[in-house]
$ cat target_31.txt   # compact mmCIF, C-alpha atoms and all ligand atoms
# COMPACT_ATOMS: atom_id res chain seq x y z
CA MET J 1 -15.87 -20.16 10.45
CA ALA J 2 -13.00 -18.98 8.22
CA ASP J 3 -9.70 -19.19 10.07
CA LEU J 4 -7.71 -15.94 9.73
CA LYS J 5 -4.68 -17.49 11.41
CA ALA J 6 -4.68 -20.14 8.66
CA LEU J 7 -4.96 -17.28 6.15
CA SER J 8 -1.84 -15.64 7.62
CA GLU J 9 -0.05 -18.98 7.43
CA ALA J 10 -1.09 -19.45 3.79
CA VAL J 11 0.44 -16.04 2.98
CA ILE J 12 3.60 -16.92 4.91
CA LYS J 13 3.93 -20.20 2.97
CA GLY J 14 3.08 -18.49 -0.31
CA ASP J 15 0.14 -20.89 -0.74
CA GLN J 16 -1.96 -18.89 -3.21
CA LYS J 17 -4.73 -21.47 -3.51
CA THR J 18 -5.38 -21.69 0.24
CA ALA J 19 -5.04 -17.93 0.71
CA VAL J 20 -7.69 -17.32 -1.95
CA GLU J 21 -9.96 -20.11 -0.61
CA ILE J 22 -9.92 -18.84 2.99
CA THR J 23 -10.38 -15.23 1.85
CA GLN J 24 -13.39 -16.30 -0.23
CA ALA J 25 -14.81 -18.34 2.66
CA ALA J 26 -14.42 -15.35 5.01
CA ILE J 27 -16.15 -13.09 2.48
CA ASP J 28 -18.96 -15.64 2.04
CA GLU J 29 -19.41 -15.69 5.82
CA GLN J 30 -19.80 -11.88 5.77
CA MET J 31 -16.67 -11.36 7.84
CA ALA J 32 -15.63 -7.68 7.86
CA PRO J 33 -13.27 -7.09 4.91
CA ALA J 34 -10.97 -4.93 7.09
CA GLU J 35 -10.66 -7.79 9.59
CA ILE J 36 -9.74 -10.25 6.82
CA LEU J 37 -7.15 -7.77 5.58
CA GLU J 38 -5.62 -6.83 8.93
CA GLU J 39 -5.76 -10.12 10.84
CA GLY J 40 -5.19 -12.46 7.90
CA LEU J 41 -3.25 -10.93 5.03
CA ILE J 42 -1.30 -8.06 6.64
CA CYS J 43 -0.46 -10.20 9.65
CA GLY J 44 1.13 -12.87 7.40
CA MET J 45 3.05 -10.35 5.31
CA ASN J 46 4.36 -8.55 8.40
CA TYR J 47 5.70 -11.86 9.71
CA ILE J 48 7.49 -12.54 6.42
CA GLY J 49 8.87 -8.99 6.49
CA ALA J 50 10.33 -9.50 9.96
CA ARG J 51 11.92 -12.82 8.96
CA PHE J 52 13.34 -11.29 5.77
CA LYS J 53 14.87 -8.51 7.85
CA ALA J 54 16.43 -11.10 10.18
CA ASN J 55 17.80 -12.99 7.13
CA GLU J 56 15.70 -16.00 8.04
CA VAL J 57 13.97 -16.05 4.65
CA TYR J 58 15.16 -14.71 1.31
CA ILE J 59 13.76 -12.87 -1.69
CA PRO J 60 12.09 -15.92 -3.38
CA GLU J 61 10.08 -16.70 -0.21
CA VAL J 62 9.11 -13.06 0.11
CA LEU J 63 8.03 -12.95 -3.52
CA ILE J 64 5.79 -16.01 -3.29
CA ALA J 65 4.23 -14.67 -0.09
CA ALA J 66 3.62 -11.32 -1.80
CA ARG J 67 2.02 -13.13 -4.76
CA ALA J 68 -0.32 -15.11 -2.49
CA MET J 69 -1.31 -11.89 -0.75
CA LYS J 70 -1.95 -10.17 -4.08
CA MET J 71 -4.15 -13.01 -5.35
CA ALA J 72 -6.25 -12.89 -2.18
CA MET J 73 -6.40 -9.10 -2.44
CA GLU J 74 -7.93 -9.38 -5.88
CA ILE J 75 -11.10 -10.90 -4.43
CA LEU J 76 -11.03 -8.82 -1.25
CA GLU J 77 -10.56 -5.45 -2.95
CA PRO J 78 -14.11 -5.12 -4.32
CA LYS J 79 -15.48 -5.96 -0.86
CA LEU J 80 -13.35 -3.26 0.75
CA ALA J 81 -14.50 -0.83 -1.91
CA GLU J 82 -18.13 -1.84 -1.40
CA ALA J 83 -17.90 -0.79 2.24
CA GLY J 84 -17.64 2.84 1.09
CA VAL J 85 -21.04 4.46 0.73
CA LYS J 86 -20.07 7.17 -1.77
CA PRO J 87 -16.74 8.57 -2.97
CA LEU J 88 -15.31 10.78 -0.26
CA GLY J 89 -12.83 12.34 -2.62
CA LYS J 90 -10.44 11.66 -5.50
CA ALA J 91 -6.99 10.31 -4.78
CA MET J 92 -4.11 8.86 -6.72
CA VAL J 93 -1.27 6.84 -5.29
CA GLY J 94 2.04 5.63 -6.68
CA THR J 95 5.43 4.32 -5.61
CA VAL J 96 8.14 6.84 -6.44
CA LYS J 97 10.82 6.61 -9.12
CA GLY J 98 13.36 3.82 -8.69
CA ASP J 99 11.22 1.93 -6.21
CA LEU J 100 9.38 -1.28 -7.13
CA HIS J 101 7.77 -2.09 -3.77
CA ASP J 102 4.00 -2.08 -4.13
CA ILE J 103 2.48 -4.17 -1.35
CA GLY J 104 2.14 -1.28 1.10
CA LYS J 105 1.00 1.08 -1.65
CA ASN J 106 -1.66 -1.44 -2.71
CA LEU J 107 -2.85 -1.74 0.89
CA VAL J 108 -3.13 2.01 1.18
CA ILE J 109 -5.14 2.06 -2.05
CA MET J 110 -7.43 -0.73 -0.84
CA MET J 111 -8.02 0.95 2.49
CA LEU J 112 -8.72 4.28 0.80
CA LYS J 113 -11.15 2.58 -1.58
CA GLY J 114 -12.71 0.77 1.36
CA ALA J 115 -13.21 4.11 3.08
CA GLY J 116 -14.97 5.44 0.00
CA PHE J 117 -12.26 7.25 -1.95
CA ASP J 118 -12.12 7.07 -5.73
CA VAL J 119 -8.48 6.02 -6.19
CA THR J 120 -6.25 5.87 -9.26
CA ASP J 121 -3.31 3.48 -8.96
CA LEU J 122 -0.23 4.90 -10.73
CA GLY J 123 1.82 1.76 -10.13
CA VAL J 124 5.51 1.69 -9.24
CA ASP J 125 8.62 3.58 -10.39
CA VAL J 126 6.56 6.71 -11.05
CA SER J 127 8.50 9.78 -12.23
CA PRO J 128 7.84 13.26 -10.80
CA GLU J 129 6.55 14.32 -14.25
CA THR J 130 4.02 11.47 -14.31
CA PHE J 131 2.68 12.38 -10.85
CA ALA J 132 2.08 15.95 -12.05
CA GLU J 133 0.59 14.95 -15.44
CA LYS J 134 -1.77 12.33 -14.01
CA ALA J 135 -2.92 14.60 -11.18
CA LYS J 136 -3.95 17.19 -13.76
CA GLU J 137 -5.68 14.54 -15.88
CA CYS J 138 -7.74 12.93 -13.12
CA GLY J 139 -8.26 16.00 -10.93
CA ALA J 140 -6.99 14.26 -7.81
CA GLN J 141 -7.51 16.09 -4.52
CA ILE J 142 -4.95 13.90 -2.78
CA ILE J 143 -1.71 12.57 -4.23
CA GLY J 144 -0.13 9.69 -2.31
CA LEU J 145 3.56 8.87 -2.60
CA SER J 146 5.02 5.62 -1.29
CA ALA J 147 8.72 4.74 -0.83
CA LEU J 148 10.29 1.72 0.83
CA LEU J 149 13.96 2.39 0.20
CA THR J 150 16.12 5.02 1.85
CA THR J 151 17.65 5.53 -1.60
CA THR J 152 14.27 6.44 -3.16
CA MET J 153 13.14 8.83 -0.41
CA PRO J 154 14.66 11.85 -2.28
CA ALA J 155 12.39 11.00 -5.25
CA MET J 156 9.50 12.07 -3.00
CA GLU J 157 10.97 15.55 -2.67
CA SER J 158 11.41 15.76 -6.48
CA ALA J 159 7.82 14.60 -7.01
CA ILE J 160 6.47 17.24 -4.59
CA LYS J 161 8.58 19.92 -6.31
CA GLY J 162 7.24 18.83 -9.73
CA ILE J 163 3.65 18.81 -8.48
CA ARG J 164 3.94 22.30 -6.92
CA GLU J 165 5.72 23.75 -9.96
CA SER J 166 2.87 22.51 -12.17
CA GLY J 167 0.48 24.65 -10.15
CA ILE J 168 -1.41 21.63 -8.81
CA THR J 169 -3.07 22.40 -5.49
CA ALA J 170 -3.79 18.79 -4.48
CA LYS J 171 -2.58 17.76 -1.03
CA VAL J 172 0.37 15.37 -0.93
CA MET J 173 0.48 12.50 1.55
CA ILE J 174 3.54 10.30 1.94
CA GLY J 175 4.34 7.01 3.62
CA GLY J 176 6.46 3.87 3.58
CA ALA J 177 8.70 2.05 6.04
CA PRO J 178 11.62 4.56 6.12
CA ILE J 179 9.39 7.66 6.15
CA THR J 180 8.80 9.77 9.28
CA GLN J 181 6.75 12.83 10.14
CA ALA J 182 10.01 14.79 10.40
CA TYR J 183 10.91 13.81 6.83
CA ALA J 184 7.43 14.72 5.60
CA ASP J 185 7.80 18.16 7.23
CA LYS J 186 11.28 18.59 5.77
CA ILE J 187 10.19 17.97 2.16
CA GLY J 188 6.92 19.90 2.41
CA ALA J 189 4.42 17.05 2.30
CA ASP J 190 0.95 17.90 3.62
CA GLY J 191 0.52 14.62 5.45
CA TYR J 192 2.30 11.46 6.59
CA ALA J 193 0.88 8.10 7.62
CA PRO J 194 2.81 5.20 9.16
CA ASP J 195 0.27 2.60 8.00
CA ALA J 196 -2.64 2.05 5.64
CA ALA J 197 -5.32 2.59 8.26
CA THR J 198 -3.84 5.93 9.36
CA ALA J 199 -3.51 6.90 5.68
CA VAL J 200 -7.31 6.88 5.51
CA ASP J 201 -7.60 9.17 8.57
CA ILE J 202 -4.99 11.56 7.19
CA ALA J 203 -6.56 11.60 3.73
CA LYS J 204 -9.91 12.55 5.29
CA THR J 205 -8.33 15.44 7.17
CA LEU J 206 -6.61 16.66 3.99
CA LEU J 207 -9.84 16.95 2.00
CO1 LIG X 1 12.64 -5.01 -0.52
N1 LIG X 1 13.58 -3.98 0.84
N2 LIG X 1 14.10 -4.71 -1.74
N3 LIG X 1 11.66 -6.23 -1.63
N4 LIG X 1 11.51 -5.46 1.01
C1 LIG X 1 12.83 -3.75 2.14
C2 LIG X 1 12.04 -2.46 2.08
C3 LIG X 1 14.04 -3.70 3.19
C4 LIG X 1 13.74 -2.88 4.45
C5 LIG X 1 14.46 -5.16 3.53
C6 LIG X 1 15.68 -5.22 4.43
O1 LIG X 1 16.78 -5.11 3.98
N5 LIG X 1 15.50 -5.39 5.72
C7 LIG X 1 15.18 -3.09 2.31
C8 LIG X 1 15.28 -1.57 2.30
C9 LIG X 1 16.49 -1.07 3.09
C10 LIG X 1 16.55 0.41 3.07
O2 LIG X 1 16.42 1.07 2.08
N6 LIG X 1 16.78 0.95 4.24
C11 LIG X 1 14.83 -3.66 0.93
C12 LIG X 1 15.75 -3.80 -0.13
C13 LIG X 1 17.20 -3.41 0.18
C14 LIG X 1 15.37 -4.25 -1.40
C15 LIG X 1 16.26 -4.41 -2.65
C16 LIG X 1 17.28 -3.27 -2.90
C17 LIG X 1 16.93 -5.79 -2.48
C18 LIG X 1 17.96 -6.14 -3.53
O3 LIG X 1 17.60 -6.29 -4.67
N7 LIG X 1 19.20 -6.19 -3.09
C19 LIG X 1 15.22 -4.51 -3.79
C20 LIG X 1 14.86 -3.12 -4.36
C21 LIG X 1 14.01 -3.20 -5.61
C22 LIG X 1 13.51 -1.82 -5.97
O4 LIG X 1 12.51 -1.37 -5.45
N8 LIG X 1 14.19 -1.12 -6.89
C23 LIG X 1 14.06 -5.09 -3.03
C24 LIG X 1 13.12 -5.94 -3.60
C25 LIG X 1 12.07 -6.51 -2.93
C26 LIG X 1 11.14 -7.57 -3.53
C27 LIG X 1 10.89 -7.38 -5.03
C28 LIG X 1 11.78 -8.92 -3.30
C29 LIG X 1 9.87 -7.43 -2.60
C30 LIG X 1 8.82 -6.42 -3.13
C31 LIG X 1 7.59 -7.10 -3.69
C32 LIG X 1 6.52 -6.08 -3.98
O5 LIG X 1 6.37 -5.05 -3.35
N9 LIG X 1 5.74 -6.41 -4.99
C33 LIG X 1 10.49 -6.85 -1.34
C34 LIG X 1 9.87 -6.87 -0.08
C35 LIG X 1 8.55 -7.60 0.00
C36 LIG X 1 10.43 -6.25 1.05
C37 LIG X 1 10.00 -6.34 2.53
C38 LIG X 1 10.41 -7.72 3.05
C39 LIG X 1 8.56 -6.19 2.81
C40 LIG X 1 7.95 -4.92 2.24
C41 LIG X 1 6.49 -5.06 2.39
O6 LIG X 1 5.79 -5.30 1.43
N10 LIG X 1 6.05 -4.94 3.65
C42 LIG X 1 10.83 -5.15 3.19
C43 LIG X 1 11.28 -5.45 4.61
C44 LIG X 1 10.29 -4.95 5.64
O7 LIG X 1 9.51 -4.05 5.42
N11 LIG X 1 10.36 -5.54 6.79
C45 LIG X 1 11.82 -4.85 2.16
C46 LIG X 1 4.63 -5.12 3.97
C47 LIG X 1 3.90 -3.82 3.68
C48 LIG X 1 2.47 -4.04 4.11
O8 LIG X 1 4.49 -2.79 4.46
O9 LIG X 1 5.32 -1.48 2.43
O10 LIG X 1 5.95 -0.76 4.80
P1 LIG X 1 4.98 -1.37 3.86
O11 LIG X 1 3.66 -0.48 3.87
C49 LIG X 1 2.99 -0.10 5.05
C50 LIG X 1 3.46 1.25 5.60
O12 LIG X 1 4.81 1.55 5.32
C51 LIG X 1 2.49 2.22 5.04
O13 LIG X 1 1.28 1.47 4.96
C52 LIG X 1 1.56 0.11 4.61
C53 LIG X 1 0.54 -0.82 5.25
O14 LIG X 1 0.32 -0.57 6.60
N12 LIG X 1 2.70 2.84 3.74
C54 LIG X 1 2.10 4.04 3.46
C55 LIG X 1 3.33 2.43 2.64
N13 LIG X 1 3.19 3.30 1.65
C56 LIG X 1 2.41 4.30 2.12
C57 LIG X 1 1.93 5.46 1.50
C58 LIG X 1 1.13 6.31 2.26
C59 LIG X 1 0.85 6.03 3.60
C60 LIG X 1 1.31 4.89 4.21
O15 LIG X 1 0.61 7.44 1.76
C61 LIG X 1 0.57 7.60 0.36

$ encode --input "target_31.txt" --output "structure tokens"
Amino acid sequence: MADLKALSEAVIKGDQKTAVEITQAAIDEQMAPAEILEEGLICGMNYIGARFKANEVYIPEVLIAARAMKMAMEILEPKLAEAGVKPLGKAMVGTVKGDLHDIGKNLVIMMLKGAGFDVTDLGVDVSPETFAEKAKECGAQIIGLSALLTTTMPAMESAIKGIRESGITAKVMIGGAPITQAYADKIGADGYAPDAATAVDIAKTLL
């Protein structure tokens, strides 16, 4: 049986090959994609995050762990998406201007896809204008904004302002490590989620 603890360890070590192999083995064994994600990949990345915060590992270690997680995600993502029976709604998600963190955003996207949402990934460093333009283009019902830096939190407020001024009626959901419900209320977001799993619940209530 595929060992999810070993998968976490492969992410922690930045061992792409093993991370992909165990993920594939778990998929082949019909393990639930959400379990592979939560107990294997997210668990490993959270550990690296805590050690980075404690200055026990540095940016290169974090980057190789993030790369291993991304490689494994590439094969897991279609399985998460397959779990959705039919699109629940249309969403688009991006990391706000000035912010290059995308691991959490990608998890939110994968979980939304897994829950059956049709999701457009806007990438990172997304300007308020781009959020508004793309929402019009793809007809998103939910626009997700992610920020990981206290310095990029204000870009969320600018994005919401730009979206509202463009007459777009889509609901805006925000999240990211420094974000709180109080901040979401302050800047006029329609929803806030502390993690990717809750993001799915909130997105469903916003439809
Ligand atoms: Co950066 N970084 N980083 N970093 N980094 C943090 C965020 C930091 C807390 C580390 C620290 O100092 N302790 C700190 C921010 C401090 C602050 O602002 N208060 C920090 C810093 C300072 C920086 C740089 C400025 C460092 C430097 O260059 N001096 C720089 C900034 C670059 C930039 O963006 N302009 C930088 C760079 C980097 C790397 C490139 C090395 C790398 C990013 C790789 C990548 O994303 N491709 C990196 C990483 C990996 C981290 C940490 C270690 C981990 C972040 C992560 O991926 N966590 C992070 C420390 C930490 O969090 N402990 C840190 C795992 C991920 C699953 O969690 O993204 O929180 P998270 O997402 C969660 C929830 O927040 C939520 O769901 C996700 C899953 O459950 N969520 C949403 C996220 N978005 C959501 C959206 C939603 C709903 C929920 O709705 C739409």

$ residues_around --input "target_31.txt" --residues "region 157-162 of chain J" --least-positions-apart "4" --cutoff "10 Å" --atoms "all atoms listed in the file" --output "PyMOL selection string"
chain J and resi 96-97+126-133+143+145+152-153+166-168+171-174+183-184+186-190

$ atom_distance --input "target_31.txt" --atom1 "atom O3 of ligand LIG 1 (chain X)" --atom2 "CA of Ala196 (chain J)"
24.2 Å

$ atom_distance --input "target_31.txt" --atom1 "atom N3 of ligand LIG 1 (chain X)" --atom2 "CA of Asn106 (chain J)"
14.2 Å

$ closest_residue --input "target_31.txt" --among "J:Ile12, J:Met110, J:Met156, J:Leu4" --to "Ala65 (chain J)" --atoms "all atoms listed in the file"
J:Ile12

$ atom_distance --input "target_31.txt" --atom1 "CA of Asp3 (chain J)" --atom2 "CA of Leu112 (chain J)"
25.3 Å

$ residues_around --input "target_31.txt" --residues "Ala140 (chain J)" --least-positions-apart "2" --cutoff "7 Å" --atoms "all atoms listed in the file" --output "list in words"
Lys90, Ala91, Met92, Ala135, Cys138, Ile142, Ile143 and Ala170 of chain J

$ closest_residue --input "target_31.txt" --among "J:Gly191, J:Gly49, J:Gly139, J:Gly94" --to "ligand LIG 1 (chain X)" --atoms "all atoms listed in the file"
J:Gly49

$ closest_residue --input "target_31.txt" --among "J:Val108, J:Ala19, J:Ala155, J:Ala147" --to "Glu74 (chain J)" --atoms "all atoms listed in the file"
J:Ala19

$ closest_residue --input "target_31.txt" --among "J:Glu56, J:Asp125, J:Asp28, J:Asp15" --to "Met71 (chain J)" --atoms "all atoms listed in the file"
J:Asp15

$ residues_around --input "target_31.txt" --residues "Gly14 (chain J)" --least-positions-apart "2" --cutoff "9 Å" --atoms "all atoms listed in the file" --output "count of residues only"
16

$ closest_residue --input "target_31.txt" --among "J:Ile179, J:Tyr58, J:Lys105, J:Leu88" --to "Asp201 (chain J)" --atoms "all atoms listed in the file"
J:Leu88

$ closest_residue --input "target_31.txt" --among "J:Ile202, J:Ala32, J:Leu148, J:Val57" --to "ligand LIG 1 (chain X)" --atoms "only C-alpha atoms and all ligand atoms"
J:Leu148

$ residues_around --input "target_31.txt" --residues "Asp195 (chain J)" --least-positions-apart "5" --cutoff "10 Å" --atoms "all atoms listed in the file" --output "PyMOL selection string"
chain J and resi 104-105+107-108+175-177+200
